[in-house]
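This is model-v3.cif. It holds mmCIF, C-alpha atoms.
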```
data_final
#
loop_
_atom_site.label_atom_id
_atom_site.label_comp_id
_atom_site.auth_asym_id
_atom_site.auth_seq_id
_atom_site.Cartn_x
_atom_site.Cartn_y
_atom_site.Cartn_z
CA ILE A 1 -4.25 173.32 34.60
CA ASN A 2 -4.59 175.29 31.38
CA ASN A 3 -8.30 175.70 32.18
CA GLY A 4 -7.51 176.90 35.69
CA THR A 5 -8.19 173.67 37.57
CA THR A 6 -5.86 173.56 40.55
CA THR A 7 -7.29 170.40 42.14
CA ALA A 8 -8.80 167.39 40.38
CA MET A 9 -10.26 164.07 41.44
CA TYR A 10 -9.53 161.30 38.94
CA PHE A 11 -11.01 157.90 38.22
CA ALA A 12 -7.96 156.27 36.65
CA THR A 13 -8.18 152.67 35.40
CA LYS A 14 -8.17 149.16 36.82
CA ASP A 15 -4.52 148.55 35.94
CA LEU A 16 -1.97 149.43 38.58
CA GLU A 17 0.93 150.71 36.48
CA PRO A 18 -1.08 153.29 34.48
CA CYS A 19 -2.50 154.54 37.79
CA LYS A 20 1.01 155.02 39.13
CA LEU A 21 1.97 156.82 35.93
CA LEU A 22 -0.98 159.21 36.26
CA ALA A 23 0.11 160.02 39.81
CA GLN A 24 3.65 160.69 38.60
CA ILE A 25 2.39 162.95 35.79
CA CYS A 26 0.20 164.97 38.17
CA GLU A 27 3.12 165.30 40.57
CA LYS A 28 5.41 166.46 37.76
CA LYS A 29 2.85 168.98 36.50
CA GLY A 30 2.24 170.25 40.03
CA GLN A 31 -1.52 169.76 40.10
CA ARG A 32 -3.19 168.79 43.35
CA ALA A 33 -4.71 165.42 42.49
CA LEU A 34 -6.85 162.79 44.17
CA ILE A 35 -6.45 159.59 42.17
CA GLY A 36 -8.18 156.25 42.40
CA LYS A 37 -7.40 152.85 40.96
CA VAL A 38 -10.79 151.61 39.75
CA SER A 39 -12.01 148.33 41.26
CA MET A 40 -14.52 145.92 39.70
CA ASP A 41 -14.94 142.17 39.94
CA ARG A 42 -18.26 141.43 38.21
CA ASN A 43 -20.53 142.42 35.31
CA VAL A 44 -17.81 143.78 33.06
CA PRO A 45 -16.16 142.35 29.90
CA GLU A 46 -13.67 139.61 30.66
CA TYR A 47 -10.72 141.72 29.50
CA TYR A 48 -11.68 144.33 32.12
CA LEU A 49 -12.42 141.92 34.97
CA GLU A 50 -10.36 141.54 38.14
CA THR A 51 -10.64 138.93 40.83
CA THR A 52 -11.59 140.30 44.22
CA SER A 53 -8.23 139.50 45.74
CA GLU A 54 -6.33 141.00 42.78
CA SER A 55 -8.32 144.21 43.03
CA LEU A 56 -7.79 144.61 46.76
CA LYS A 57 -4.09 143.84 46.53
CA ALA A 58 -3.51 146.30 43.69
CA THR A 59 -5.59 148.96 45.43
CA GLU A 60 -3.54 148.72 48.61
CA GLU A 61 -0.31 148.84 46.63
CA PHE A 62 -1.48 151.98 44.84
CA VAL A 63 -2.52 153.64 48.11
CA GLN A 64 0.92 152.97 49.57
CA PHE A 65 2.62 154.18 46.39
CA VAL A 66 0.83 157.54 46.53
CA LEU A 67 1.25 158.03 50.27
CA ASN A 68 4.98 157.35 50.02
CA SER A 69 5.52 159.63 47.02
CA ASP A 70 6.92 163.14 47.42
CA GLY A 71 3.55 164.53 46.34
CA GLY A 72 1.78 162.41 48.91
CA LYS A 73 4.04 163.63 51.69
CA GLN A 74 3.59 167.27 50.56
CA GLY A 75 -0.21 167.16 50.46
CA LEU A 76 -0.39 167.34 46.66
CA LEU A 77 -1.34 163.73 45.90
CA TYR A 78 -4.06 161.72 47.63
CA PRO A 79 -4.99 158.07 47.02
CA VAL A 80 -8.68 157.34 46.56
CA ILE A 81 -10.50 154.05 47.13
CA THR A 82 -12.54 153.66 43.93
CA PRO A 83 -15.21 150.99 43.47
CA ARG A 84 -16.52 151.70 39.98
CA PHE A 85 -20.15 151.43 41.08
CA ILE A 86 -22.43 148.91 42.77
CA PRO A 87 -23.27 146.79 39.67
CA THR A 88 -19.59 145.99 39.04
CA CYS A 89 -18.50 145.35 42.64
CA SER A 90 -19.32 142.31 44.73
CA GLU A 91 -20.19 142.63 48.40
CA GLU A 92 -16.84 141.05 49.28
CA LEU A 93 -14.98 143.64 47.22
CA LEU A 94 -16.93 146.55 48.71
CA LEU A 95 -16.29 145.35 52.25
CA GLY A 96 -12.59 144.91 51.51
CA LEU A 97 -12.37 148.39 50.02
CA GLY A 98 -14.16 149.82 53.06
CA LYS A 99 -11.55 148.23 55.32
CA LEU A 100 -8.73 149.73 53.22
CA ALA A 101 -10.35 153.18 53.37
CA ALA A 102 -10.47 152.91 57.17
CA LYS A 103 -6.96 151.46 57.46
CA TYR A 104 -5.35 154.30 55.51
CA ASN A 105 -7.90 157.02 56.31
CA CYS A 106 -8.15 157.87 52.64
CA HIS A 107 -10.73 159.29 50.29
CA VAL A 108 -13.44 157.25 48.57
CA GLN A 109 -15.13 157.87 45.24
CA SER A 110 -17.67 156.06 43.10
CA HIS A 111 -20.90 156.62 41.16
CA VAL A 112 -24.19 156.69 43.05
CA SER A 113 -27.80 156.55 41.79
CA GLU A 114 -26.69 158.12 38.55
CA SER A 115 -29.25 156.90 36.02
CA LEU A 116 -32.53 155.03 35.84
CA ASP A 117 -30.97 151.89 34.37
CA GLU A 118 -28.18 151.84 36.97
CA VAL A 119 -30.70 152.17 39.81
CA GLU A 120 -32.77 149.32 38.37
CA PHE A 121 -29.69 147.15 37.86
CA THR A 122 -28.76 147.60 41.52
CA LYS A 123 -32.28 146.62 42.59
CA CYS A 124 -32.04 143.45 40.50
CA LEU A 125 -28.68 142.54 42.03
CA HIS A 126 -29.63 143.51 45.59
CA PRO A 127 -33.42 143.25 45.95
CA ASP A 128 -33.30 143.17 49.76
CA GLU A 129 -30.45 145.56 50.48
CA GLY A 130 -31.86 148.94 49.59
CA SER A 131 -30.30 151.66 47.47
CA ASP A 132 -26.75 152.33 46.33
CA THR A 133 -26.40 154.55 49.38
CA SER A 134 -27.42 151.80 51.80
CA ILE A 135 -25.00 149.33 50.22
CA PHE A 136 -22.06 151.75 50.25
CA ASP A 137 -22.85 152.71 53.83
CA ALA A 138 -22.99 149.09 54.99
CA ALA A 139 -19.52 148.55 53.50
CA GLY A 140 -18.03 151.51 55.36
CA LEU A 141 -17.60 153.54 52.18
CA LEU A 142 -19.64 156.62 53.15
CA THR A 143 -17.41 158.90 55.20
CA SER A 144 -16.46 162.56 55.42
CA LYS A 145 -13.86 161.79 52.75
CA THR A 146 -16.34 160.25 50.30
CA VAL A 147 -17.25 161.93 47.01
CA MET A 148 -19.92 160.23 44.92
CA ALA A 149 -20.53 161.27 41.33
CA HIS A 150 -23.96 162.26 40.00
CA GLY A 151 -26.56 161.27 42.61
CA VAL A 152 -29.43 162.35 40.35
CA TYR A 153 -31.77 159.71 41.80
CA LEU A 154 -30.84 159.91 45.46
CA SER A 155 -33.96 159.61 47.61
CA GLU A 156 -34.69 161.97 50.48
CA GLU A 157 -33.62 159.18 52.83
CA ASP A 158 -30.37 158.71 50.88
CA VAL A 159 -29.60 162.43 51.13
CA SER A 160 -30.15 162.28 54.89
CA VAL A 161 -27.63 159.44 55.14
CA PHE A 162 -25.11 161.46 53.09
CA ILE A 163 -25.58 164.47 55.36
CA ASN A 164 -25.23 162.38 58.52
CA ARG A 165 -22.05 160.75 57.20
CA GLU A 166 -20.75 164.12 55.91
CA ALA A 167 -20.30 162.51 52.49
CA SER A 168 -20.38 164.57 49.29
CA VAL A 169 -21.74 164.56 45.77
CA ALA A 170 -19.81 165.64 42.68
CA HIS A 171 -22.41 167.39 40.54
CA CYS A 172 -21.61 166.82 36.84
CA PRO A 173 -24.39 168.71 35.05
CA LEU A 174 -23.25 168.17 31.48
CA SER A 175 -22.89 164.37 31.66
CA ASN A 176 -26.16 164.21 33.62
CA PHE A 177 -27.89 165.68 30.57
CA TYR A 178 -26.42 162.92 28.43
CA PHE A 179 -26.73 159.85 30.64
CA ALA A 180 -28.95 160.38 33.67
CA ASN A 181 -32.33 161.17 32.08
CA GLY A 182 -32.78 163.66 34.89
CA ILE A 183 -31.41 166.70 36.69
CA PHE A 184 -29.68 166.77 40.06
CA PRO A 185 -31.68 169.13 42.35
CA THR A 186 -28.60 171.07 43.39
CA PHE A 187 -30.22 174.08 45.04
CA ASN A 188 -32.61 172.03 47.18
CA HIS A 189 -29.84 169.69 48.33
CA LEU A 190 -27.56 172.62 49.18
CA LYS A 191 -30.32 174.09 51.33
CA ARG A 192 -30.60 170.78 53.17
CA GLY A 193 -26.88 170.83 53.96
CA LEU A 194 -25.53 168.29 51.51
CA LYS A 195 -21.87 168.84 50.61
CA ILE A 196 -21.66 169.40 46.84
CA GLY A 197 -18.77 170.17 44.53
CA LEU A 198 -18.81 170.75 40.79
CA GLY A 199 -17.36 168.25 38.33
CA THR A 200 -16.79 167.85 34.61
CA ASP A 201 -16.92 164.04 34.48
CA VAL A 202 -14.10 164.28 31.90
CA ALA A 203 -15.07 161.39 29.59
CA GLY A 204 -18.77 161.95 30.26
CA GLY A 205 -18.91 165.29 28.46
CA TYR A 206 -17.22 167.36 25.83
CA ALA A 207 -15.45 169.88 28.06
CA THR A 208 -13.00 169.62 30.96
CA SER A 209 -13.29 173.30 31.89
CA MET A 210 -14.93 174.19 35.18
CA PHE A 211 -16.19 177.37 33.53
CA ASN A 212 -18.27 175.17 31.25
CA SER A 213 -19.55 173.17 34.23
CA MET A 214 -20.49 176.39 36.01
CA ARG A 215 -22.55 177.53 33.06
CA THR A 216 -24.15 174.11 32.54
CA GLY A 217 -24.94 173.90 36.25
CA VAL A 218 -26.94 177.13 36.09
CA ILE A 219 -28.69 176.03 32.90
CA SER A 220 -29.70 172.66 34.36
CA SER A 221 -30.99 174.32 37.52
CA LEU A 222 -33.07 176.75 35.45
CA ALA A 223 -34.39 173.88 33.34
CA GLN A 224 -35.47 172.06 36.48
CA ARG A 225 -37.27 175.13 37.80
CA ASN A 226 -39.00 175.81 34.50
CA HIS A 227 -40.18 172.30 33.77
CA THR A 228 -40.74 170.41 37.01
CA GLY A 229 -43.11 172.61 38.98
CA ALA A 230 -43.31 174.13 42.43
CA ASN A 231 -40.74 171.87 44.12
CA TYR A 232 -37.93 173.77 42.41
CA ARG A 233 -38.85 177.45 42.59
CA GLU A 234 -35.31 178.50 43.42
CA HIS A 235 -32.34 177.92 41.17
CA LEU A 236 -28.58 178.35 40.97
CA ASN A 237 -27.05 181.57 39.72
CA PHE A 238 -23.48 182.41 38.76
CA LYS A 239 -22.51 183.06 42.38
CA HIS A 240 -23.66 179.60 43.48
CA ALA A 241 -21.84 178.05 40.53
CA PHE A 242 -18.63 179.87 41.44
CA TYR A 243 -18.94 178.60 45.01
CA LEU A 244 -19.45 175.00 43.82
CA ALA A 245 -16.36 175.25 41.60
CA THR A 246 -14.15 176.64 44.39
CA LYS A 247 -14.97 176.52 48.09
CA GLY A 248 -17.76 173.97 47.59
CA GLY A 249 -15.38 171.63 45.82
CA ALA A 250 -12.80 171.96 48.58
CA VAL A 251 -15.41 171.21 51.24
CA ALA A 252 -16.66 168.23 49.23
CA LEU A 253 -13.11 166.86 49.17
CA ASN A 254 -12.81 167.34 52.95
CA LEU A 255 -10.12 169.93 52.25
CA GLY A 256 -12.20 172.97 53.12
CA GLU A 257 -9.80 174.04 55.88
CA GLU A 258 -6.81 173.97 53.53
CA ILE A 259 -7.87 175.14 50.06
CA GLY A 260 -10.79 176.75 48.24
CA MET A 261 -10.33 180.29 49.60
CA LEU A 262 -7.73 183.03 49.63
CA LYS A 263 -7.28 183.08 53.39
CA SER A 264 -4.41 183.35 55.82
CA GLY A 265 -3.14 179.90 56.73
CA PHE A 266 -4.57 178.22 53.64
CA ARG A 267 -2.47 176.70 50.86
CA PHE A 268 -1.99 179.22 48.04
CA ASP A 269 -3.98 177.68 45.20
CA ALA A 270 -5.08 180.57 42.98
CA VAL A 271 -6.07 181.52 39.46
CA VAL A 272 -5.63 184.98 37.93
CA LEU A 273 -8.23 185.77 35.28
CA ASP A 274 -8.00 188.45 32.60
CA GLY A 275 -11.24 189.97 31.36
CA GLY A 276 -9.48 192.05 28.74
CA ILE A 277 -9.62 189.35 26.06
CA ASP A 278 -11.72 189.58 22.91
CA ASN A 279 -14.27 187.03 24.17
CA ILE A 280 -15.54 189.44 26.86
CA ASP A 281 -16.76 193.00 26.33
CA ILE A 282 -15.96 195.33 29.21
CA PHE A 283 -17.58 198.74 29.33
CA PRO A 284 -16.23 201.92 30.95
CA ASN A 285 -16.95 202.21 34.68
CA GLU A 286 -18.38 198.67 34.78
CA ALA A 287 -19.10 197.51 38.32
CA PRO A 288 -16.82 194.77 39.72
CA GLU A 289 -19.77 192.41 40.25
CA SER A 290 -20.79 192.81 36.61
CA LEU A 291 -17.25 191.98 35.47
CA PHE A 292 -17.19 189.00 37.84
CA GLU A 293 -20.47 187.73 36.36
CA LYS A 294 -19.07 188.04 32.85
CA LEU A 295 -15.99 186.03 33.82
CA CYS A 296 -18.18 183.31 35.35
CA THR A 297 -20.47 183.09 32.34
CA LEU A 298 -18.11 183.79 29.42
CA ALA A 299 -14.54 182.90 30.42
CA ASP A 300 -12.51 180.02 29.03
CA ASP A 301 -8.84 178.99 29.01
CA ARG A 302 -7.88 182.19 27.17
CA ASN A 303 -8.83 184.21 30.23
CA VAL A 304 -6.77 182.04 32.59
CA ARG A 305 -3.49 183.95 32.79
CA TRP A 306 -1.79 182.58 35.89
CA VAL A 307 -2.34 179.37 37.85
CA PHE A 308 -0.74 178.70 41.23
CA VAL A 309 -0.86 175.48 43.25
CA GLN A 310 0.62 175.44 46.74
CA GLY A 311 2.41 178.69 45.91
CA LYS A 312 4.05 177.36 42.77
CA LYS A 313 3.29 179.03 39.44
CA LEU A 314 2.08 176.41 36.94
CA LYS A 315 0.83 178.70 34.17
CA SER A 316 1.71 182.25 33.16
CA PRO A 317 1.26 184.33 29.98
CA GLN A 318 4.75 183.27 28.90
CA SER A 319 4.26 179.51 29.50
#
```

Entire entry expressed as structure tokens:
Amino acid sequence: INNGTTTAMYFATKDLEPCKLLAQICEKKGQRALIGKVSMDRNVPEYYLETTSESLKATEEFVQFVLNSDGGKQGLLYPVITPRFIPTCSEELLLGLGKLAAKYNCHVQSHVSESLDEVEFTKCLHPDEGSDTSIFDAAGLLTSKTVMAHGVYLSEEDVSVFINREASVAHCPLSNFYFANGIFPTFNHLKRGLKIGLGTDVAGGYATSMFNSMRTGVISSLAQRNHTGANYREHLNFKHAFYLATKGGAVALNLGEEIGMLKSGFRFDAVVLDGGIDNIDIFPNEAPESLFEKLCTLADDRNVRWVFVQGKKLKSPQS
């Protein structure tokens, strides 16, 4: 909230009670939050392992807890079905989670084709079942309410499946630099019609500010253009990055008709930015677009003066 994030999608943990606590904290703070209890029943340390039945039972209990909370009834809290990723989830678990997603019509999140080693691990575990995308799709986990993190190594066929299912990718440019050994081709995928929102990946980077993700997103797109040849002649600029952090994120979350814009009939989620702080130089008679570009490329939490979620003020200069 201090960084101006009005809506966040969280991977919580495998344990039910901490997940409930996170939901209660988000509700108390007033942030719009989509929260998932992480599920995994294989290929993890024993102290982090669940049985399939335990994971499904706890997931359903968490979904019901969020839906029945005040925040859930007010459209502030959303439960998210959250298989960690293919290597840590058995087919039985994925199918069970897909049934829960359909039963409660709730969001889904996971990691998809995020790094070379993850892609190879999936191939070893499922040599005859195709890519991460194919496996998620077969389990009923690719829907218009699905947001998959990373997607750096999605094939052209995978992207087509995402588009047909109206599923989304959370582009986390900073953590992709660290872990993916590649760059997500954001501009090309946007042109194809893939739904993309911007993410920070929280633990996968050093900054939770969307301003930082906006800047890193532009840098990674430029790096791809400059070093990978003719396939990436076009690149993101600050305007694209701003879209991905606002309206694009709302569309990716399947909330594009409720939030992400200042528009009549939408929920009033808004941030007021102040360019008159020492970290930004403003010149006399500077054009509004120039000031907007400076805010996109230089702003941080100091420039975030007011934050509103669903009409409620969560941050002000006095808070």

Fill in: Nearest residue to Asp41 in chain A from the set A:Asp15, A:Thr186, A:Gln24, A:Cys89 (distances using all atoms listed in the file)
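Ranking A:Asp15, A:Thr186, A:Gln24, A:Cys89 by distance to Asp41 in chain A, first place goes to A:Cys89.
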
Leaving out Gly75 in chain A and any residue of its chain fewer than 3 positions from it, which residues lie within 12 Å of it when counting only C-alpha atoms, given as a compact mmCIF listing (two decimals) with C-alpha atoms, in the coordinates of the input?
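Generated output (selection_39.txt):
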```
# COMPACT_ATOMS: atom_id res chain seq x y z
CA THR A 7 -7.29 170.40 42.14
CA GLU A 27 3.12 165.30 40.57
CA GLY A 30 2.24 170.25 40.03
CA GLN A 31 -1.52 169.76 40.10
CA ARG A 32 -3.19 168.79 43.35
CA ALA A 33 -4.71 165.42 42.49
CA LEU A 34 -6.85 162.79 44.17
CA VAL A 66 0.83 157.54 46.53
CA LEU A 67 1.25 158.03 50.27
CA ASN A 68 4.98 157.35 50.02
CA SER A 69 5.52 159.63 47.02
CA ASP A 70 6.92 163.14 47.42
CA GLY A 71 3.55 164.53 46.34
CA GLY A 72 1.78 162.41 48.91
CA TYR A 78 -4.06 161.72 47.63
CA PRO A 79 -4.99 158.07 47.02
CA LEU A 255 -10.12 169.93 52.25
CA GLU A 258 -6.81 173.97 53.53
CA ILE A 259 -7.87 175.14 50.06
CA ARG A 267 -2.47 176.70 50.86
CA VAL A 309 -0.86 175.48 43.25
CA GLN A 310 0.62 175.44 46.74
```

Would you pick out the contacts of Glu157 in chain A at 10 Å or less, using only C-alpha atoms, so that residues sharing its chain but fewer than 4 positions from it are not included, and give the list as a PDB file with C-alpha atoms, in the frame of the given file?
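Output below, filename selection13.pdb:
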```pdb
ATOM      1  CA  SER A 131     -30.300 151.660  47.470  1.00  0.00           C
ATOM      2  CA  THR A 133     -26.400 154.550  49.380  1.00  0.00           C
ATOM      3  CA  SER A 134     -27.420 151.800  51.800  1.00  0.00           C
ATOM      4  CA  VAL A 161     -27.630 159.440  55.140  1.00  0.00           C
ATOM      5  CA  PHE A 162     -25.110 161.460  53.090  1.00  0.00           C
ATOM      6  CA  ILE A 163     -25.580 164.470  55.360  1.00  0.00           C
TER       7      ILE A 163
END
```

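Remark: for Thr200 in chain A, the closest of the candidate residues A:Leu291, A:Val119, A:Cys19, A:Leu244 is A:Leu244 (distances computed over only C-alpha atoms).
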
Worksheet item: Quick one: which residues end up in the PyMOL selection byres ((chain A and resi 281) around 12) for this structure, as a ChimeraX atom specification?
Response: /A:274-280,282-284,286,290-291,293-295,298-299

Item to complete: Just say which residues the PyMOL selection byres ((chain A and resi 95) around 9) picks in this file, as number ranges by chain.
Response: A: 90-94, 96-100, 136, 138-141
